[in-house]
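K.L.:
Take a look at this one; I'll ask things after.
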Amino acid sequence: MALFANPAGRNFLGQSADWYKWTILTFLIINPILFFTVGGYISGWVLVLEFIFTLAMALKCYPLQPGGLLALQAVAMGMTTPDTVMHEVENGLEVILLLVFMVAGIYFMKSMLLFVFTKLVVNVRNKVILSLMFSFAAAFLSAFLDALTVTAVVITISVGFYSIYHKVASGKDFNQAHDHLKDDALDKLSNEDLEAFRAFLRSLMMHAAVGTALGGVMTIVGEPQNLLIGEQAGWEFIEFFLRMSPVTIPVFFVGLITCALLEMTGKFGYGSKIPEKVMNILADYDAYESQRRTSKDRASLIAQGLVGVWLIFGLMFHLAEVGLIGLSVIVLATAFTGVTEEHQIGHAFEEALPFTSLLVVFFSIVGVIADQGLFAPVTNFVLDLQGSNQITMLYVANGVLSAISDNVFVATVYISEMGKALASGAITRDTYDLMAVAINTGTNIPSVATPNGQAAFLFLLTSALAPLIRLSYMRMVIMALPYTITMAITGYFAVAYLLQPLTADLYDAHMIEHHVAVPGVESQDSGH
């Protein structure tokens, strides 16, 4: 351990444990040896697993630094190129703009969100009902907004709740300044309540995070890959929803049933109720805020509420790219709530920019996956299958790969391959449509298994909230496991047995109702 005893060694990855520093150093040593001996395919998969390790150890060291070192090394060795990385960044520009501007915009709506959800938590004492409300609200909003936006909202609310209790438990009044990152002033009893409160918030956050997946898979605007798949297939909003519904509707209800059962049984880290002492503090805070709220404060809340309406309206009708709508939220929310100084605005970007940097590093790893053809064997295997086996295996393959990699990247790879197969005449248009549904549901549903699969999950894991509520990578995997099992299996059987007949019936009914010619069906007026 003498290597890390000198100043330079101590600076390497800062306060991380020595064993962690040695692990990352070992990765950096073996990667070039593997690449130049066994080739890019094996060393590429090793690199992906190493990057997943840095995500799993996010509470030991923020993944940007160790993951960034791995990405820089991969580019330097030629496993991918700066051009490929830039191409992946350009493909993910919408998500980057979303993170930079939308998350910052939500920061300026914090008072209104805390006001609404404090009322909700204080008045809904049944944990099962509260969990279902969080999951349903996240699903509904994610169907029209964006899962990252919804996750940012829930994170903001949870940090607000945590800081309120932590301040009072540390012996301070509501109006005093406080650093909720330090537990020094907590007594033993307060610590016990705090642990219970952390468990309560963890469960709500995971219900909401899974809810974003339940709703996000349903509509063309729910997730970035949905828009990509919808555009490639030529589907608009209603047709996209109808084609997905044989899979997404059963999964949605199974997800809500799973939520209720987890809270009732208390398994997998769920079931924790809010301690009475914490509930009293939140109720007192609500009363305190109501009492001291001035006409100026009320005007600010109304302004934030109206900005929230604009946010939902703008995203629902896709009036502009998500990130640009986020920028408009910053402008409107600050202009009408009295925020005019640069340093006040700067705080809003502190939460999102580290994750934005991490996401660009992740795109470098995606570049390695693309350039080294890591998914090629699975893709070729699926394309070689015939009939319904091909559709179900597309769902399975996309689910497994999305849990390892990024679901947007996986969807992009597979929908492009299916488009080539359609253009060459290898598959029919009907088969292509079924494949598109399998790809979309496969990348959205089983990918809840790990934080790698969905940007919203990764954002939660690397947020400022995660260490506060002790939400580690493995804890997220364990808490997501029952959802992964029930939702993925339901999705599989829906793809296997419901997709083809129900899609045809729903789609034909929609086309006839709107007087659109259905391919393969003669018009009743054709003889006139």
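Going by the structure tokens order, chains are called A, B, ..., each with residues numbered from 1, while ligands are numbered from 1 in the order shown.
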Looking only at helix (DSSP H, G or I) from DSSP on the backbone, list the matching residues of segment 8-215 of chain A as a PyMOL selection string.
P.N.:
chain A and resi 8-11+18-37+40-56+64-77+82-91+93-107+110-123+127-144+147-169+188-215
K.L.:
Fewer than 5 positions away in the same chain doesn't count, so skip those; otherwise give me all residues within 9 Å of Ala438 of chain A, counting only C-alpha atoms, as a VMD selection string.
P.N.:
chain A and resid 244 247 391 to 396 398 433 443 495 499
K.L.:
So how far away is atom CA of Thr486 of chain A from atom CA of Phe117 of chain A, in Å?
P.N.:
28.8 Å
K.L.:
Record the distance separating atom CA of His347 of chain A and atom CA of Phe363 of chain A, expressed in Å with one decimal.
P.N.:
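Going from atom CA of His347 of chain A over to atom CA of Phe363 of chain A, I get 26.1 Å.
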K.L.:
Measuring atom to atom with only C-alpha atoms, identify which of A:Leu28, A:Leu98, A:Leu69, A:Ala260 is nearest to Ala320 of chain A.
P.N.:
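Between A:Leu28, A:Leu98, A:Leu69, A:Ala260, the residue approaching Ala320 of chain A most closely is A:Leu98.
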K.L.:
If we count only C-alpha atoms and set the cut-off at 9 Å, which residues sit around Leu201 of chain A, ignoring sequence neighbours fewer than 2 positions away in its own chain? Please answer as number ranges by chain.
P.N.:
A: 158, 161-162, 196-199, 203-206, 272, 274, 469
